[in-house]
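Asks: One structure, as structure tokens, below. Some questions next.
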Amino acid sequence: MAQDEGEAERLTSDFEVARPGNARAEAANRLAAFLTQEEALTNTYHFTRHSPDDSLRMILYDGLTQYYYDHSLFRQCIRMADRAIPPTRAVKDTVAWYSLLTRQTEAYIRTGDFDRARQSIRTCLDVAKRQGDPLRLAMAYNNMGGLYHHMRDDSFAVVMFHQGLETLRPIKEAKPDRASLLYNLGGTYTDMGRTEEAMKVLNEALAIAQELGDTVRISRVHSTMGLVCMNTGQLDRAEQYFQQALDGAQRMGNPVGIIYCLIDLGEVKQKQGRMAESAAYRKQADELAHEMGFAELEMKACDGLYALYRHSDPALALAYLERNKALGDSLYRLDAEEQLKAFRVEYETSEKEHRIAMQNEELQRRNLQRWLLAVGIVACLVVLVVVNRYRRLVRRRNRELRAMNATKDKLFSVISHDLKSPAIAQKMAMEEILSNFENYDSETLGHYLSLFYRASEAQVDLLHNLLNWAHTQTDRIGYEPSDFDLRDLMREAMGLYLMSAENKEITLRTDFTDAPCPVRADRQMLHTVVRNLVNNALKFSDPGSEICLTVTRSGSTISAFVHDSGEGMTEEQIYTVLHTDTLRSTPGTRGEKGSGLGLNICRELLLRNGCQLILRSQPGKGTEAGFEIKCVNG
């Protein structure tokens with residue numbers, strides 16, 4: 001037994017120190033093979049490097065728990081159960097977990113750790129009640145009864161055993177669990193001296209065990225029935241029951257059961273006065289316990305031999321007493337070493353958990369710092385973006401305000417100067433006519449009316465240009481494109497100025513291509529552009545000259561121009577018109593007043609239609625003003 005225990009500890013140590021992978025799988029297979037051989041594992045397992053670690057540890061530690069329990073090494077059983085429970089819960093195997101708790105509870109009871117046994121049983125009871133499992137609930141009551149029986153509270157133990165039996169009553173297939181409860185109840189009745197009740201429930205448990213063919217339970221029931229008979233003085237029947245229990249234990253190869261039966265037979269023989277036979281049974285039990293390494297049973301056998309030889313052979317009795325004391329000291333040392341080992345494991349585990357907690361705390365602190373830093377950076381970026389957008393908005397608003405102020409200044413300048421001049425001229429002409437009407441002949445009166453007409457015409461043109469220019473500056477002109485022939489628009493605009501050209505003795509003619517000139521643009525805008533170009537040409541052309549309106553097509557491009565032979569423009573004047581917003585008014589060939597808005601309006605309206613104002617001119621050689629636009633089917 002000692003060799004087997006050492007082998008179990010060595011294989012367990014090899015498994016725990018092995019690195020994950022093939023080495024760990026091989027160590028696990030060696031330990032599993034040992035546990036299968038010792039019947040601690042009911043199945044044969046073969047692990048690989050890919051076996052889940054939680055499943056692997058659950059199977060092996062559960063097997064070790066059963067192995068130590070079967071060999072009455074209850075402290076080792078408790079230690080292995082503590083290792084087996086975490087992986088069992090990790091894989092959510094409630095059946096295996098409950099079985100481990102039950103086995104650990106019984107080990108706690110056997111070692112006298114009743115507080116932990118009570119806690120474990122409470123856990124079993126809670127789990128069984130939550131799951132509504134009557135079998136588990138009955139076994140929890142069974143363990144609770146066993147706990148109180150060991151604590152010498154037999155009356156409460158009997159209540160727990162009966163509660164378990166009541167729970168199992170409606171379940172016919174629960175015979176093994178019922179036999180276990182009856183057996184424990186019979187043992188409690190035996191210790192309470194209630195022999196009749198004890199024999200009754202033990203006979204019921206024996207019948208169930210025999211029906212099931214449960215050799216282990218039959219042997220245990222026979223042993224307890226022997227104790228009942230021995231306590232009531234029925235020594236022959238007690239011997240018979242103990243002998244039957246011994247036969248069953250020997251058939252099963254259960255060394256613990258064999259030793260207990262030999263000790264009980266030795267006690268029966270002692271009470272019968274057959275000292276030699278009693279000594280033989282006790283010595284046989286002592287030798288087997290020593291051979292198997294069962295120190296507690298060896299102490300029990302030595303204690304019986306001491307009592308047997310105390311009067312007949314004091315020297316031999318003293319030797320057994322000294323052995324008993326030495327075994328007790330040995331057990332104490334083993335217990336102390338086991339507790340020290342358990343404390344060391346708990347300390348190392350606690351230290352490891354503390355380090356992990358510190359590392360997690362440090363990691364959380366760093367993560368918090370990183371998070372705060374990231375939030376701070378994002379906040380700064382957001383602030384920078386908002387400030388930048390705000391500054392850009394302010395700059396844009398300032399530019400718009402400056403442009404609006406400039407527009408306002410231009411408008412007031414034009415109104416205060418250019419619009420005032422025609423109005424004053426009209427007033428002066430009217431005053432002159434009204435004050436001298438009776439003294440003027442028809443020719444003089446016609447002259448003043450002509451002056452009045454030209455002032456009115458200039459004022460109307462100026463008002464149109466002011467209105468169009470104001471709309472372009474405030475973006476109030478809506479772009480409404482349509483399809484039309486550019487030649488038609490040029491003819492229409494020219495027709496508006498035929499009378500003005502005739503009054504100034506200027507010829508207007510056209511030179512249009514015969515090919516269609518369809519364009520897509522805002523017709524009203526281009527009409528305004530052409531009117532202004534023709535008006536400017538009339539204004540700066542001399543009487544007797546000619547103005548030609550041309551429309552040509554070259555591929556997908558259509559060109560529209562107004563040609564005159566008037567005063568012309570300098571390069572500086574052309575640049576000012578095309579690239580600045582400066583308004584410069586130049587009087588016409590007959591002193592016509594202007595605002596300088598015409599070409600500025602043409603430039604803005606052409607940009608709205610995707611083209612540009614084109615000016616070609618030299619001083620004294622006339623001007624060519626117009627634009628180029630895409631043909632809609634080009």
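Following the order of the structure tokens, first chain is A, next is B, and so on, with residues numbered from 1 inside each chain and ligands from 1 in the order they appear.
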Taking 2 positions as the minimum chain separation for residues in the same chain, which residues sit within 8 Å of Ile547 of chain A when counting only C-alpha atoms? Answer as an MDAnalysis selection string.
Replies: chainID A and resid 506:509 537:538 545 549 562:565
Asks: Store the residues of this selection in a file with N, CA and C atoms, as an mmCIF file, in the first residue's frame.
Replies:
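Output contents, as saved in again.cif:
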data_model
loop_
_atom_site.group_PDB
_atom_site.id
_atom_site.type_symbol
_atom_site.label_atom_id
_atom_site.label_comp_id
_atom_site.auth_asym_id
_atom_site.auth_seq_id
_atom_site.Cartn_x
_atom_site.Cartn_y
_atom_site.Cartn_z
ATOM 1 N N ILE A 506 -25.682 104.594 -86.542
ATOM 2 C CA ILE A 506 -24.772 103.441 -86.524
ATOM 3 C C ILE A 506 -25.519 102.250 -87.111
ATOM 4 N N THR A 507 -24.799 101.500 -87.964
ATOM 5 C CA THR A 507 -25.391 100.342 -88.626
ATOM 6 C C THR A 507 -25.154 99.089 -87.774
ATOM 7 N N LEU A 508 -26.235 98.331 -87.544
ATOM 8 C CA LEU A 508 -26.136 97.040 -86.852
ATOM 9 C C LEU A 508 -26.347 95.933 -87.869
ATOM 10 N N ARG A 509 -25.420 94.970 -87.933
ATOM 11 C CA ARG A 509 -25.600 93.852 -88.856
ATOM 12 C C ARG A 509 -25.146 92.559 -88.163
ATOM 13 N N ALA A 537 -21.105 98.668 -77.176
ATOM 14 C CA ALA A 537 -20.610 98.932 -78.530
ATOM 15 C C ALA A 537 -21.226 100.211 -79.083
ATOM 16 N N LEU A 538 -22.542 100.408 -78.885
ATOM 17 C CA LEU A 538 -23.195 101.624 -79.340
ATOM 18 C C LEU A 538 -22.644 102.850 -78.628
ATOM 19 N N SER A 545 -20.497 104.620 -88.079
ATOM 20 C CA SER A 545 -19.708 103.384 -88.015
ATOM 21 C C SER A 545 -20.642 102.163 -88.053
ATOM 22 N N LEU A 549 -22.581 91.677 -85.160
ATOM 23 C CA LEU A 549 -22.793 90.581 -84.220
ATOM 24 C C LEU A 549 -22.521 89.282 -84.945
ATOM 25 N N VAL A 562 -19.480 90.605 -80.283
ATOM 26 C CA VAL A 562 -19.969 91.898 -80.783
ATOM 27 C C VAL A 562 -18.742 92.717 -81.173
ATOM 28 N N HIS A 563 -18.651 93.077 -82.482
ATOM 29 C CA HIS A 563 -17.486 93.809 -82.992
ATOM 30 C C HIS A 563 -17.882 95.278 -83.239
ATOM 31 N N ASP A 564 -17.026 96.194 -82.769
ATOM 32 C CA ASP A 564 -17.243 97.610 -83.085
ATOM 33 C C ASP A 564 -15.912 98.224 -83.519
ATOM 34 N N SER A 565 -15.984 99.429 -84.066
ATOM 35 C CA SER A 565 -14.767 100.139 -84.508
ATOM 36 C C SER A 565 -14.613 101.432 -83.729
#
Asks: Can you tell me how far atom CA of Gln284 of chain A sits from atom CA of Ala301 of chain A, in Å to one decimal?
Replies: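 Answer for the atom CA of Gln284 of chain A to atom CA of Ala301 of chain A separation: 9.0 Å.
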Asks: Using only C-alpha atoms, pick whichever of A:Pro255, A:Gly598, A:Pro86, A:Gly622 has the shortest atom-to-atom distance to Met292 of chain A.
Replies: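 Between A:Pro255, A:Gly598, A:Pro86, A:Gly622, the residue approaching Met292 of chain A most closely is A:Pro255.
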Asks: Considering only C-alpha atoms, can you say which of A:Ser456, A:Met192, A:Lys175, A:Val268 comes closest to Asp153 of chain A?
Replies: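 Closest to Asp153 of chain A, using only C-alpha atoms: A:Met192.
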Asks: Could you name the residues that touch Arg487 of chain A at 12 Å or less, counting only C-alpha atoms, but leaving out those on the same chain fewer than 5 positions away, as a PyMOL selection string?
Replies: chain A and resi 492-494+510-519+523+526-527+530+549-553+558-561
Asks: Keeping only N, CA and C atoms, write the selected residues as a CSV table (one decimal), in the first residue's frame.
Replies:
chain,number,residue,atom,x,y,z
A,492,GLU,N,-32.6,88.6,-81.2
A,492,GLU,CA,-33.5,89.3,-80.3
A,492,GLU,C,-32.9,90.4,-79.6
A,493,ALA,N,-31.7,90.2,-79.0
A,493,ALA,CA,-31.0,91.3,-78.3
A,493,ALA,C,-30.7,92.5,-79.2
A,494,MET,N,-30.3,92.2,-80.4
A,494,MET,CA,-29.9,93.3,-81.4
A,494,MET,C,-31.1,94.1,-81.7
A,510,THR,N,-25.5,91.4,-88.8
A,510,THR,CA,-25.2,90.1,-88.2
A,510,THR,C,-24.4,89.3,-89.2
A,511,ASP,N,-23.6,88.4,-88.7
A,511,ASP,CA,-22.8,87.5,-89.5
A,511,ASP,C,-22.8,86.1,-88.8
A,512,PHE,N,-23.9,85.4,-89.0
A,512,PHE,CA,-24.2,84.2,-88.3
A,512,PHE,C,-23.9,83.0,-89.2
A,513,THR,N,-23.4,81.9,-88.6
A,513,THR,CA,-23.1,80.7,-89.3
A,513,THR,C,-24.5,80.1,-89.7
A,514,ASP,N,-24.5,79.3,-90.8
A,514,ASP,CA,-25.7,78.6,-91.2
A,514,ASP,C,-26.0,77.4,-90.3
A,515,ALA,N,-24.9,76.8,-89.7
A,515,ALA,CA,-25.1,75.6,-88.9
A,515,ALA,C,-25.9,75.9,-87.6
A,516,PRO,N,-26.7,75.0,-87.1
A,516,PRO,CA,-27.5,75.2,-85.9
A,516,PRO,C,-26.5,75.4,-84.7
A,517,CYS,N,-26.9,76.3,-83.8
A,517,CYS,CA,-26.0,76.6,-82.6
A,517,CYS,C,-26.8,76.3,-81.3
A,518,PRO,N,-27.2,75.1,-81.1
A,518,PRO,CA,-27.9,74.8,-79.8
A,518,PRO,C,-27.0,74.9,-78.6
A,519,VAL,N,-27.5,75.5,-77.6
A,519,VAL,CA,-26.7,75.6,-76.3
A,519,VAL,C,-27.7,75.3,-75.2
A,523,ARG,N,-31.1,81.3,-70.3
A,523,ARG,CA,-31.4,82.2,-71.5
A,523,ARG,C,-31.4,83.7,-71.1
A,526,LEU,N,-27.8,85.1,-70.5
A,526,LEU,CA,-27.1,85.4,-71.7
A,526,LEU,C,-27.7,86.5,-72.5
A,527,HIS,N,-29.1,86.7,-72.4
A,527,HIS,CA,-29.7,87.8,-73.0
A,527,HIS,C,-29.2,89.1,-72.4
A,530,VAL,N,-25.6,89.8,-73.8
A,530,VAL,CA,-25.6,90.3,-75.1
A,530,VAL,C,-26.1,91.7,-75.2
A,549,LEU,N,-22.6,91.7,-85.2
A,549,LEU,CA,-22.8,90.6,-84.2
A,549,LEU,C,-22.5,89.3,-84.9
A,550,THR,N,-21.6,88.5,-84.4
A,550,THR,CA,-21.2,87.2,-85.1
A,550,THR,C,-21.5,86.0,-84.2
A,551,VAL,N,-21.8,84.9,-84.9
A,551,VAL,CA,-22.0,83.6,-84.2
A,551,VAL,C,-21.3,82.6,-85.1
A,552,THR,N,-20.3,81.9,-84.6
A,552,THR,CA,-19.6,80.9,-85.4
A,552,THR,C,-19.5,79.6,-84.5
A,553,ARG,N,-19.3,78.5,-85.3
A,553,ARG,CA,-19.3,77.2,-84.6
A,553,ARG,C,-18.0,76.5,-85.1
A,558,ILE,N,-19.2,77.0,-79.6
A,558,ILE,CA,-19.9,78.1,-80.3
A,558,ILE,C,-19.4,79.4,-79.8
A,559,SER,N,-19.0,80.3,-80.7
A,559,SER,CA,-18.5,81.6,-80.3
A,559,SER,C,-19.5,82.7,-80.7
A,560,ALA,N,-19.7,83.6,-79.7
A,560,ALA,CA,-20.6,84.8,-80.0
A,560,ALA,C,-19.9,86.1,-79.6
A,561,PHE,N,-19.8,87.0,-80.5
A,561,PHE,CA,-19.0,88.2,-80.3
A,561,PHE,C,-19.8,89.4,-80.9
Asks: Which polymer residues have any atom within 10 Å of an atom of Asp53 of chain A, counting only C-alpha atoms, with same-chain residues fewer than 4 positions away left out, as a list in words?
Replies: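 Contacts, with the query itself left out: Pro20, Arg24, Ala25, Arg49, Arg57, Met58 and Pro87 of chain A.
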Asks: Would you export the selected residues with N, CA and C atoms as a PDB file, in the first residue's frame, please?
Replies:
ATOM      1  N   PRO A  20       3.019  21.969 -20.855  1.00  0.00           N
ATOM      2  CA  PRO A  20       1.918  21.684 -21.780  1.00  0.00           C
ATOM      3  C   PRO A  20       2.449  21.156 -23.110  1.00  0.00           C
ATOM      4  N   ARG A  24       3.192  16.672 -21.161  1.00  0.00           N
ATOM      5  CA  ARG A  24       2.069  16.670 -20.221  1.00  0.00           C
ATOM      6  C   ARG A  24       1.080  15.557 -20.568  1.00  0.00           C
ATOM      7  N   ALA A  25       0.839  15.337 -21.853  1.00  0.00           N
ATOM      8  CA  ALA A  25      -0.075  14.275 -22.272  1.00  0.00           C
ATOM      9  C   ALA A  25       0.461  12.900 -21.866  1.00  0.00           C
ATOM     10  N   ARG A  49      -1.875  15.927 -26.882  1.00  0.00           N
ATOM     11  CA  ARG A  49      -1.465  17.311 -26.612  1.00  0.00           C
ATOM     12  C   ARG A  49      -2.608  18.295 -26.838  1.00  0.00           C
ATOM     13  N   ARG A  57      -7.487  17.674 -16.201  1.00  0.00           N
ATOM     14  CA  ARG A  57      -7.288  17.780 -14.749  1.00  0.00           C
ATOM     15  C   ARG A  57      -8.512  17.283 -13.982  1.00  0.00           C
ATOM     16  N   MET A  58      -9.713  17.523 -14.508  1.00  0.00           N
ATOM     17  CA  MET A  58     -10.914  17.043 -13.835  1.00  0.00           C
ATOM     18  C   MET A  58     -10.905  15.514 -13.725  1.00  0.00           C
ATOM     19  N   PRO A  87     -11.573  22.697 -12.001  1.00  0.00           N
ATOM     20  CA  PRO A  87     -11.755  22.336 -13.412  1.00  0.00           C
ATOM     21  C   PRO A  87     -13.105  21.677 -13.690  1.00  0.00           C
TER      22      PRO A  87
END
Asks: Write out as a tab-separated table (two decimals) with N, CA and C atoms, in the first residue's frame each polymer residue whose atoms come within 12 Å of segment 479-484 of chain A, counting only C-alpha atoms; drop sequence neighbours fewer than 3 positions from it.
Replies:
chain	number	residue	atom	x	y	z
A	471	HIS	N	-28.10	91.74	-57.90
A	471	HIS	CA	-28.49	90.33	-57.80
A	471	HIS	C	-27.28	89.41	-57.88
A	472	THR	N	-26.34	89.72	-58.77
A	472	THR	CA	-25.15	88.87	-58.86
A	472	THR	C	-24.32	88.94	-57.59
A	475	ASP	N	-26.15	86.82	-54.85
A	475	ASP	CA	-26.51	85.45	-55.23
A	475	ASP	C	-28.01	85.23	-55.27
A	476	ARG	N	-28.74	86.23	-55.71
A	476	ARG	CA	-30.19	86.12	-55.75
A	476	ARG	C	-30.70	85.77	-57.15
A	487	ARG	N	-28.18	81.86	-81.96
A	487	ARG	CA	-28.38	82.86	-83.02
A	487	ARG	C	-29.68	83.63	-82.80
A	488	ASP	N	-30.74	82.89	-82.38
A	488	ASP	CA	-32.03	83.55	-82.11
A	488	ASP	C	-31.88	84.57	-81.00
A	489	LEU	N	-31.16	84.21	-79.96
A	489	LEU	CA	-30.98	85.13	-78.84
A	489	LEU	C	-30.23	86.38	-79.28
A	490	MET	N	-29.20	86.21	-80.13
A	490	MET	CA	-28.43	87.37	-80.61
A	490	MET	C	-29.32	88.30	-81.43
A	516	PRO	N	-26.73	75.00	-87.14
A	516	PRO	CA	-27.46	75.22	-85.87
A	516	PRO	C	-26.47	75.43	-84.71
A	517	CYS	N	-26.88	76.27	-83.80
A	517	CYS	CA	-26.02	76.57	-82.64
A	517	CYS	C	-26.78	76.33	-81.32
A	518	PRO	N	-27.19	75.11	-81.08
A	518	PRO	CA	-27.94	74.84	-79.84
A	518	PRO	C	-27.02	74.87	-78.61
A	519	VAL	N	-27.46	75.53	-77.59
A	519	VAL	CA	-26.70	75.59	-76.34
A	519	VAL	C	-27.66	75.34	-75.18
A	520	ARG	N	-27.08	74.98	-74.05
A	520	ARG	CA	-27.87	74.81	-72.83
A	520	ARG	C	-27.32	75.77	-71.78
A	521	ALA	N	-28.12	76.80	-71.45
A	521	ALA	CA	-27.68	77.82	-70.50
A	521	ALA	C	-28.91	78.55	-69.99
A	522	ASP	N	-28.67	79.49	-69.07
A	522	ASP	CA	-29.77	80.33	-68.57
A	522	ASP	C	-30.01	81.43	-69.62
A	523	ARG	N	-31.13	81.34	-70.34
A	523	ARG	CA	-31.39	82.21	-71.48
A	523	ARG	C	-31.44	83.68	-71.06
A	524	GLN	N	-32.06	83.97	-69.91
A	524	GLN	CA	-32.21	85.35	-69.46
A	524	GLN	C	-30.84	85.96	-69.16
A	525	MET	N	-29.94	85.16	-68.55
A	525	MET	CA	-28.61	85.67	-68.23
A	525	MET	C	-27.84	86.02	-69.51
A	526	LEU	N	-27.84	85.08	-70.50
A	526	LEU	CA	-27.11	85.35	-71.75
A	526	LEU	C	-27.75	86.52	-72.50
A	527	HIS	N	-29.06	86.67	-72.39
A	527	HIS	CA	-29.73	87.80	-73.04
A	527	HIS	C	-29.24	89.12	-72.44
A	605	LEU	N	-22.27	86.87	-64.96
A	605	LEU	CA	-23.32	86.02	-65.51
A	605	LEU	C	-22.74	84.91	-66.38
A	606	LEU	N	-21.68	85.19	-67.10
A	606	LEU	CA	-21.06	84.16	-67.92
A	606	LEU	C	-20.42	83.07	-67.05
A	607	LEU	N	-19.85	83.47	-65.93
A	607	LEU	CA	-19.28	82.47	-65.01
A	607	LEU	C	-20.36	81.53	-64.48
A	608	ARG	N	-21.55	82.08	-64.26
A	608	ARG	CA	-22.66	81.24	-63.80
A	608	ARG	C	-23.03	80.18	-64.84
A	609	ASN	N	-22.74	80.45	-66.11
A	609	ASN	CA	-23.09	79.52	-67.19
A	609	ASN	C	-21.89	78.72	-67.68
A	610	GLY	N	-20.82	78.75	-66.92
A	610	GLY	CA	-19.68	77.89	-67.24
A	610	GLY	C	-18.79	78.41	-68.34
A	630	LYS	N	-20.22	75.69	-74.94
A	630	LYS	CA	-20.28	74.36	-75.52
A	630	LYS	C	-21.62	74.14	-76.21
A	631	CYS	N	-21.55	73.46	-77.35
A	631	CYS	CA	-22.75	73.06	-78.06
A	631	CYS	C	-23.36	71.85	-77.34
A	632	VAL	N	-24.68	71.81	-77.21
A	632	VAL	CA	-25.30	70.75	-76.40
A	632	VAL	C	-25.16	69.37	-77.04
A	633	ASN	N	-25.03	69.27	-78.36
A	633	ASN	CA	-24.87	67.97	-79.00
A	633	ASN	C	-23.46	67.79	-79.54
Asks: Leaving out Lys129 of chain A and any residue of its chain fewer than 6 positions from it, which residues lie within 12 Å of it when counting only C-alpha atoms, given as JSON, numbers by chain?
Replies: {"A": [122, 123, 135, 136, 137, 138, 139, 140, 141, 167]}
Asks: Nearest to Ala128 of chain A among A:Thr111, A:Thr224, A:Thr623, A:Thr94, with distances taken over only C-alpha atoms: which residue is it?
Replies: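 Distance minimum relative to Ala128 of chain A lands on A:Thr94.
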Asks: For a quick check of understanding, using only C-alpha atoms, which of A:Leu56, A:Ile78, A:Leu64, A:Cys380 has the smallest distance to Glu106 of chain A?
Replies: A:Ile78
Asks: Record the distance separating atom CA of Trp97 of chain A and atom CA of Phe47 of chain A, expressed in Å with one decimal.
Replies: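 A separation of 21.2 Å between them.
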Asks: Residues at most 9 Å from Arg237 of chain A, counting only C-alpha atoms, excluding those fewer than 5 positions away in the same chain, as a ChimeraX atom specification?
Replies: /A:225-226,229-230,242
Asks: Okay, now the selection with N, CA and C atoms, as a JSON list (two decimals), in the first residue's frame?
Replies:
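File written: result39.json
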[["chain", "number", "residue", "atom", "x", "y", "z"],
["A", 225, "MET", "N", -24.34, -5.96, 11.44],
["A", 225, "MET", "CA", -25.23, -6.91, 12.14],
["A", 225, "MET", "C", -24.44, -7.71, 13.18],
["A", 226, "GLY", "N", -23.19, -8.02, 12.88],
["A", 226, "GLY", "CA", -22.34, -8.68, 13.87],
["A", 226, "GLY", "C", -22.13, -7.82, 15.10],
["A", 229, "CYS", "N", -25.28, -7.97, 17.23],
["A", 229, "CYS", "CA", -25.35, -9.23, 17.98],
["A", 229, "CYS", "C", -24.32, -9.26, 19.11],
["A", 230, "MET", "N", -23.10, -8.73, 18.85],
["A", 230, "MET", "CA", -22.07, -8.74, 19.89],
["A", 230, "MET", "C", -22.49, -7.84, 21.05],
["A", 242, "PHE", "N", -19.68, -11.76, 11.33],
["A", 242, "PHE", "CA", -18.33, -11.23, 11.06],
["A", 242, "PHE", "C", -17.60, -12.12, 10.06]]
Asks: Rounded to one decimal in Å, what is the spacing between atom CA of Gln612 of chain A and atom CA of Arg491 of chain A?
Replies: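 Spanning atom CA of Gln612 of chain A to atom CA of Arg491 of chain A is a straight-line distance of 21.1 Å.
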Asks: Considering only C-alpha atoms, can you say which of A:Ala84, A:Pro52, A:Gly213, A:Arg395 comes closest to Gly21 of chain A?
Replies: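 Of A:Ala84, A:Pro52, A:Gly213, A:Arg395, the one nearest Gly21 of chain A is A:Pro52, counting only C-alpha atoms.
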